[in-house]
Amino acid sequence: MIFPVRQHAAAVRTALFTVIAALMLLTAEDAAAQAAPLAVVTPAANLVVDGVPPIPATLRDEVRRYTESRSASLADWHPVSREILISTRFGNVAQIHRVAAPGGARAQLTFFEEPVTGASFQPVNGRYFLFTRDVGGNEFGQIYRHDLATGMSTRITDGGRSQNGGIRWSSRGDRIAYASTRRNGTDRDIYIMDPLAPATDRRLLELPGGGWGVSDWSPDDRTLLVGEYLSVNQSRVFLVDIASGNRTLLIPEGRDTVAYGGARFSRDGRGVYLTSDAGSEFAQLAYVDLASRRVTPLSASIKWDVEEFDLSEDGRSLAFVTNEAGISRLYHMDTRSRRVRSLPGIPSGVIGGVDWHRNSRDLGFSVSSARGPSDVFSVNVDTGTLTRWTASELGGISASDLREPSLIRWPSFDGREITGFYYRPPQRFTGRRPVIINVHGGPEGQSRPAFQGRSNYYLNELGVAIIYPNVRGSSGFGKSFIKLDNGVRREESVRDIGALLDWIAQQPDLDPRRVMVTGGSYGGYVTLAVATSYNDRICCSLDVVGISNFNTFLKNTESYRRDLRRAEYGDERLPEIRDYFERIAPINNASKISKPLFVVQGGNDPRVPRTEAEQMVARVKQNGTPVWYLMATDEGHGFRKKANVDYQFYATVEFIRRYLLGG
């Protein structure tokens with residue numbers, strides 16, 4: 001349509017005014033948006049946050065489905081009914097729940113602000129159970145009795161700055177034996193108590209050192225099996241007469257150190273089952289005849305560590321778990337014929353908490369895998385029927401998005417082969433991918449293909465590859481391998497990570513310019529050591545409750561742990577060891593760190609005190625290096641409370657985006 005000139009001019013003026021008004025409105029909205037404060041995640045009052053930038057609230061919603069998964073672990077069978085106790089989380093921390101039938105509802109029984117992860121039924125009638133609980137991660141666990149009829153939980157130990165635990169029931173179920181540091185905070189003594197009458201508590205053995213614990217009662221309740229842990233490579237087992245307190249070494253010591261574990265009396269009381277690496281690289285299942293003290297290997301044909309075992313109530317069956325290149329395998333042994341068979345149909349993954357029901361048919365256990373969190377199963381060993389008791393939630397993650405890792409190998413500086421598990425991001429992420437190297441603690445721990453939890457976000461949403469190395473000193477590869485990092489060989493495990501950096505540079509799908517190293521506890525030490533030794537080959541590092549100087553660590557760690565750690569790391573009281581620790585200490589080499597560092601610490605950590613973190617943070621700040629510090633005043637050796645874990649995760653995602661991804 002053609003307008004007259006006058007009408008056309010008016011229309012143009014009207015349109016122009018409309019555009020100007022719209023522009024003015026947009027400008028006002030922009031100004032208002034800029035003036036409005038950015039919605040951020042506010043740290044709770046228990047969190048000390050230093051150097052961590054504000055975290056957008058949008059991130060919390062973005063990652064939520066990776067923070068809501070749950071797991072379940074088997075605590076105990078009811079001795080009469082076919083029902084179980086499990087530990088699982090439905091609030092901020094894990095608590096004890098009862099599951100009355102496979103797939104049944106989880107009925108919560110304990111309600112505390114602190115986590116409860118283990119429980120043990122009174123083994124005859126199951127009218128109550130015992131559990132331990134600490135405060136704020138301080139690991140000063142106290143024993144509690146929970147009465148099912150009343151729902152009341154009653155503390156039955158001293159409640160002070162002592163560790164109490166390792167509960168073992170008498171055969172009659174009327175007493176417990178346990179270990180406690182209450183005498184002086186350093187030495188771990190053995191006590192006996194009737195849990196229904198805490199006033200009966202008495203000290204049976206006064207012992208030197210912090211590595212003592214009760215393994216079992218004899219069938220007649222006259223003798224205890226008591227173990228003394230000296231190091232991952234050495235331990236002893238004693239027979240203790242309960243009436244007199246006299247103790248006798250079960251197996252005479254030879255020239256070589258031997259590690260024993262899991263000692264249990266046979267049901268006839270004539271022998272003891274245990275694990276032993278005597279004459280072998282791996283821990284084997286063995287039987288000790290008490291009359292002759294002859295030791296008979298029972299699993300010598302299996303060239304892997306036997307990690308745990310349990311003996312059935314009737315004494316005719318023994319179940320044990322082996323660690324075969326990180327994957328668990330479950331076996332059954334007939335104790336009369338000593339015939340061993342692998343139990344078929346067991347889910348692949350990492351198995352723990354093996355426990356027989358008193359019916360001697362149902363064997364319970366927990367399984368975790370890369371494709372799902374820990375859940376509870378049982379198998380009827382007579383029929384082979386597998387029963388799933390729990391189905392834990394993935395929190396919105398699709399199981400199809402979870403993938404198994406591949407086992408990788410690389411030569412280290414001395415030609416020794418080192419292995420690890422490599423998780424690849426989805427194929428939609430193209431080009432060379434950034435890498436997170438995650439080092440386990442221990443140092444005698446082992447990285448295994450268990451559920452990744454929140455780390456699945458790094459894989460699935462950020463396209464980051466994750467490698468979990470098992471450097472020298474890791475368990476699962478023979479006792480000689482475990483010893484390779486002891487004392488003045490400590491830096492050799494760090495050099496294994498240097499060799500891994502070489503391997504990464506040779507992979508066409510990995511980006512050697514974008515590598516972050518992280519780890520917790522001893523893995524935190526390796527993280528800091530890599531940050532000083534290979535500063536030019538990583539782009540950032542994340543240390544969780546790590547050691548920054550072995551001298552100060554050994555001075556400040558709780559006294560009941562000190563000698564046990566000296567056996568692994570070295571005795572700092574020796575001048576040559578102390579000088580070596582000073583030379584390798586990350587705190588004394590911190591001037592080399594120019595790449596961003598994030599340090600996470602628990603305020604009540606009894607193992608690696610927060611002073612290790614604080615001195616490292618202060619020193620690296622002097623370099624002008626970006627340093628983030630997060631400390632929870634209500635946590636210990638790592639975060640266990642969901643609210644704290646979530647904030648740590650949000651901050652870690654921000655750290656990765658800024659310094660690993662560079663965006």
# chains A, B, ... in the order shown; residues from 1 in each chain; ligands from 1
$ residues_around --residues "Arg182 in chain A" --least-positions-apart "6" --cutoff "12 Å" --atoms "only C-alpha atoms" --output "JSON, numbers by chain"
{"A": [140, 141, 142, 157, 158, 159, 160, 161, 162, 163, 164, 165, 188, 189, 190, 191, 202, 203, 206, 207, 210, 560]}
$ write_last_selection --atoms "N, CA and C atoms" --output "PDB file, in the first residue's frame"
ATOM      1  N   PHE A 140      37.840 -40.828  67.216  1.00  0.00           N
ATOM      2  CA  PHE A 140      37.780 -41.326  68.585  1.00  0.00           C
ATOM      3  C   PHE A 140      36.444 -42.050  68.762  1.00  0.00           C
ATOM      4  N   GLY A 141      36.359 -43.230  68.125  1.00  0.00           N
ATOM      5  CA  GLY A 141      35.103 -43.958  68.091  1.00  0.00           C
ATOM      6  C   GLY A 141      34.714 -44.515  69.449  1.00  0.00           C
ATOM      7  N   GLN A 142      33.435 -44.380  69.781  1.00  0.00           N
ATOM      8  CA  GLN A 142      32.873 -44.954  70.997  1.00  0.00           C
ATOM      9  C   GLN A 142      31.871 -46.035  70.610  1.00  0.00           C
ATOM     10  N   THR A 157      31.005 -47.101  76.186  1.00  0.00           N
ATOM     11  CA  THR A 157      32.427 -46.905  76.473  1.00  0.00           C
ATOM     12  C   THR A 157      32.652 -45.507  77.020  1.00  0.00           C
ATOM     13  N   ASP A 158      33.900 -45.149  77.267  1.00  0.00           N
ATOM     14  CA  ASP A 158      34.231 -44.015  78.130  1.00  0.00           C
ATOM     15  C   ASP A 158      33.836 -42.648  77.599  1.00  0.00           C
ATOM     16  N   GLY A 159      33.786 -42.467  76.291  1.00  0.00           N
ATOM     17  CA  GLY A 159      33.370 -41.190  75.735  1.00  0.00           C
ATOM     18  C   GLY A 159      34.440 -40.136  75.667  1.00  0.00           C
ATOM     19  N   GLY A 160      35.679 -40.485  75.992  1.00  0.00           N
ATOM     20  CA  GLY A 160      36.753 -39.501  75.963  1.00  0.00           C
ATOM     21  C   GLY A 160      37.528 -39.528  74.659  1.00  0.00           C
ATOM     22  N   ARG A 161      38.775 -39.032  74.716  1.00  0.00           N
ATOM     23  CA  ARG A 161      39.637 -39.005  73.539  1.00  0.00           C
ATOM     24  C   ARG A 161      40.344 -40.356  73.391  1.00  0.00           C
ATOM     25  N   SER A 162      39.550 -41.373  73.115  1.00  0.00           N
ATOM     26  CA  SER A 162      40.094 -42.718  72.936  1.00  0.00           C
ATOM     27  C   SER A 162      39.412 -43.382  71.755  1.00  0.00           C
ATOM     28  N   GLN A 163      40.133 -44.296  71.148  1.00  0.00           N
ATOM     29  CA  GLN A 163      39.569 -45.125  70.086  1.00  0.00           C
ATOM     30  C   GLN A 163      39.099 -46.434  70.694  1.00  0.00           C
ATOM     31  N   ASN A 164      37.875 -46.827  70.367  1.00  0.00           N
ATOM     32  CA  ASN A 164      37.309 -48.083  70.842  1.00  0.00           C
ATOM     33  C   ASN A 164      36.662 -48.783  69.661  1.00  0.00           C
ATOM     34  N   GLY A 165      37.023 -50.036  69.423  1.00  0.00           N
ATOM     35  CA  GLY A 165      36.436 -50.720  68.278  1.00  0.00           C
ATOM     36  C   GLY A 165      37.028 -52.097  68.065  1.00  0.00           C
ATOM     37  N   ARG A 188      47.225 -49.639  72.469  1.00  0.00           N
ATOM     38  CA  ARG A 188      45.889 -50.192  72.269  1.00  0.00           C
ATOM     39  C   ARG A 188      45.755 -51.486  73.075  1.00  0.00           C
ATOM     40  N   ASP A 189      44.978 -51.430  74.152  1.00  0.00           N
ATOM     41  CA  ASP A 189      44.795 -52.567  75.052  1.00  0.00           C
ATOM     42  C   ASP A 189      43.539 -53.349  74.676  1.00  0.00           C
ATOM     43  N   ILE A 190      43.414 -54.549  75.253  1.00  0.00           N
ATOM     44  CA  ILE A 190      42.268 -55.414  74.981  1.00  0.00           C
ATOM     45  C   ILE A 190      41.351 -55.438  76.204  1.00  0.00           C
ATOM     46  N   TYR A 191      40.052 -55.244  75.975  1.00  0.00           N
ATOM     47  CA  TYR A 191      39.041 -55.204  77.035  1.00  0.00           C
ATOM     48  C   TYR A 191      37.962 -56.247  76.763  1.00  0.00           C
ATOM     49  N   ARG A 202      36.359 -54.647  81.655  1.00  0.00           N
ATOM     50  CA  ARG A 202      37.647 -54.824  82.320  1.00  0.00           C
ATOM     51  C   ARG A 202      38.756 -54.971  81.292  1.00  0.00           C
ATOM     52  N   ARG A 203      39.923 -54.516  81.674  1.00  0.00           N
ATOM     53  CA  ARG A 203      41.078 -54.630  80.789  1.00  0.00           C
ATOM     54  C   ARG A 203      41.706 -56.006  80.959  1.00  0.00           C
ATOM     55  N   GLU A 206      47.225 -55.353  78.832  1.00  0.00           N
ATOM     56  CA  GLU A 206      47.876 -54.055  78.680  1.00  0.00           C
ATOM     57  C   GLU A 206      49.028 -54.263  77.708  1.00  0.00           C
ATOM     58  N   LEU A 207      48.971 -53.584  76.566  1.00  0.00           N
ATOM     59  CA  LEU A 207      49.866 -53.912  75.459  1.00  0.00           C
ATOM     60  C   LEU A 207      50.632 -52.685  74.969  1.00  0.00           C
ATOM     61  N   GLY A 210      50.167 -49.362  69.023  1.00  0.00           N
ATOM     62  CA  GLY A 210      48.801 -49.060  68.589  1.00  0.00           C
ATOM     63  C   GLY A 210      48.214 -50.024  67.596  1.00  0.00           C
ATOM     64  N   TYR A 560      48.917 -42.985  68.624  1.00  0.00           N
ATOM     65  CA  TYR A 560      48.663 -44.410  68.419  1.00  0.00           C
ATOM     66  C   TYR A 560      49.027 -44.869  67.009  1.00  0.00           C
TER      67      TYR A 560
END
$ residues_around --residues "range 353-362 of chain A" --least-positions-apart "5" --cutoff "7 Å" --atoms "only C-alpha atoms" --output "JSON, numbers by chain"
{"A": [74, 77, 79, 309, 310, 312, 313, 314, 378, 379, 380, 381, 382]}
$ write_last_selection --atoms "N, CA and C atoms" --output "PDB file, in the first residue's frame"
ATOM      1  N   LEU A  74      26.627 -54.104  53.354  1.00  0.00           N
ATOM      2  CA  LEU A  74      26.132 -55.056  54.340  1.00  0.00           C
ATOM      3  C   LEU A  74      26.836 -54.843  55.674  1.00  0.00           C
ATOM      4  N   TRP A  77      23.941 -59.869  59.295  1.00  0.00           N
ATOM      5  CA  TRP A  77      22.717 -60.666  59.241  1.00  0.00           C
ATOM      6  C   TRP A  77      22.075 -60.708  60.622  1.00  0.00           C
ATOM      7  N   PRO A  79      20.598 -62.900  63.452  1.00  0.00           N
ATOM      8  CA  PRO A  79      20.956 -64.295  63.732  1.00  0.00           C
ATOM      9  C   PRO A  79      19.801 -65.283  63.636  1.00  0.00           C
ATOM     10  N   PHE A 309      37.859 -63.467  54.344  1.00  0.00           N
ATOM     11  CA  PHE A 309      37.150 -64.743  54.338  1.00  0.00           C
ATOM     12  C   PHE A 309      36.216 -64.786  55.530  1.00  0.00           C
ATOM     13  N   ASP A 310      35.278 -65.748  55.500  1.00  0.00           N
ATOM     14  CA  ASP A 310      34.388 -65.953  56.635  1.00  0.00           C
ATOM     15  C   ASP A 310      34.047 -67.432  56.709  1.00  0.00           C
ATOM     16  N   SER A 312      31.500 -70.461  58.007  1.00  0.00           N
ATOM     17  CA  SER A 312      30.083 -70.658  58.296  1.00  0.00           C
ATOM     18  C   SER A 312      29.877 -71.112  59.737  1.00  0.00           C
ATOM     19  N   GLU A 313      28.653 -70.965  60.223  1.00  0.00           N
ATOM     20  CA  GLU A 313      28.342 -71.305  61.603  1.00  0.00           C
ATOM     21  C   GLU A 313      28.570 -72.785  61.891  1.00  0.00           C
ATOM     22  N   ASP A 314      28.270 -73.656  60.923  1.00  0.00           N
ATOM     23  CA  ASP A 314      28.480 -75.085  61.148  1.00  0.00           C
ATOM     24  C   ASP A 314      29.920 -75.517  60.894  1.00  0.00           C
ATOM     25  N   SER A 378      23.184 -61.721  48.236  1.00  0.00           N
ATOM     26  CA  SER A 378      23.505 -62.964  48.926  1.00  0.00           C
ATOM     27  C   SER A 378      23.389 -64.101  47.921  1.00  0.00           C
ATOM     28  N   VAL A 379      24.093 -65.187  48.215  1.00  0.00           N
ATOM     29  CA  VAL A 379      24.032 -66.364  47.366  1.00  0.00           C
ATOM     30  C   VAL A 379      23.802 -67.577  48.252  1.00  0.00           C
ATOM     31  N   ASN A 380      22.896 -68.443  47.833  1.00  0.00           N
ATOM     32  CA  ASN A 380      22.688 -69.724  48.497  1.00  0.00           C
ATOM     33  C   ASN A 380      23.724 -70.683  47.930  1.00  0.00           C
ATOM     34  N   VAL A 381      24.690 -71.090  48.749  1.00  0.00           N
ATOM     35  CA  VAL A 381      25.800 -71.871  48.217  1.00  0.00           C
ATOM     36  C   VAL A 381      25.389 -73.298  47.884  1.00  0.00           C
ATOM     37  N   ASP A 382      24.231 -73.742  48.386  1.00  0.00           N
ATOM     38  CA  ASP A 382      23.751 -75.083  48.043  1.00  0.00           C
ATOM     39  C   ASP A 382      23.117 -75.108  46.664  1.00  0.00           C
TER      40      ASP A 382
END
$ select_by_dssp --residues "range 316-532 of chain A" --states "strand (DSSP E)" --output "VMD selection string"
chain A and resid 317 to 324 327 to 334 340 to 342 350 to 356 362 to 369 372 to 380 386 to 388 406 to 411 417 to 423 433 to 439 465 to 470 510 to 520
$ atom_distance --atom1 "CA of Val435 in chain A" --atom2 "CA of Ala465 in chain A"
4.8 Å
$ closest_residue --among "A:Gln601, A:Asn470, A:Thr552, A:Ser480" --to "Arg640 in chain A" --atoms "only C-alpha atoms"
A:Gln601
$ atom_distance --atom1 "CA of Ala632 in chain A" --atom2 "CA of Leu528 in chain A"
20.3 Å
$ residues_around --residues "Val272 in chain A" --least-positions-apart "6" --cutoff "7 Å" --atoms "only C-alpha atoms" --output "list in words"
Ala263, Arg264, Phe265, Ser266, Tyr287, Val288 and Asp289 of chain A
$ residues_around --residues "Thr518 in chain A" --least-positions-apart "2" --cutoff "8 Å" --atoms "only C-alpha atoms" --output "PDB file with C-alpha atoms, in the first residue's frame"
ATOM      1  CA  ILE A 436      43.138 -36.103  35.597  1.00  0.00           C
ATOM      2  CA  ILE A 437      45.682 -38.362  37.310  1.00  0.00           C
ATOM      3  CA  ASN A 438      44.164 -39.546  40.597  1.00  0.00           C
ATOM      4  CA  VAL A 439      46.619 -41.179  43.044  1.00  0.00           C
ATOM      5  CA  MET A 516      45.880 -32.227  36.558  1.00  0.00           C
ATOM      6  CA  GLY A 520      44.075 -37.985  49.015  1.00  0.00           C
ATOM      7  CA  GLY A 523      48.022 -39.597  47.360  1.00  0.00           C
ATOM      8  CA  GLY A 524      47.949 -35.976  48.499  1.00  0.00           C
ATOM      9  CA  THR A 527      50.205 -34.782  44.331  1.00  0.00           C
ATOM     10  CA  SER A 541      46.967 -29.861  41.197  1.00  0.00           C
ATOM     11  CA  LEU A 542      44.416 -30.754  43.875  1.00  0.00           C
ATOM     12  CA  ASP A 543      45.674 -32.045  47.230  1.00  0.00           C
ATOM     13  CA  VAL A 544      43.182 -33.635  49.650  1.00  0.00           C
TER      14      VAL A 544
END
$ residues_around --residues "Ala57 in chain A" --least-positions-apart "3" --cutoff "9 Å" --atoms "only C-alpha atoms" --output "list in words"
Leu38, Ala39, Val40, Val41, Thr42, Arg60, Asp61 and Glu62 of chain A
$ atom_distance --atom1 "CA of Leu318 in chain A" --atom2 "CA of Arg338 in chain A"
9.3 Å
$ closest_residue --among "A:Gly624, A:Pro43, A:Pro405, A:Gly476" --to "Glu281 in chain A" --atoms "only C-alpha atoms"
A:Gly476
$ residues_around --residues "Ile547 in chain A" --least-positions-apart "5" --cutoff "10 Å" --atoms "only C-alpha atoms" --output "VMD selection string"
chain A and resid 520 to 529 552 to 554 585 to 587 607 to 613 616
$ residues_around --residues "range 424-433 of chain A" --least-positions-apart "5" --cutoff "12 Å" --atoms "only C-alpha atoms" --output "number ranges by chain"
A: 400-408, 455-468, 504-516, 660-661
$ closest_residue --among "A:Asn46, A:Ala199, A:Tyr534, A:Val99" --to "Gly603 in chain A" --atoms "only C-alpha atoms"
A:Asn46
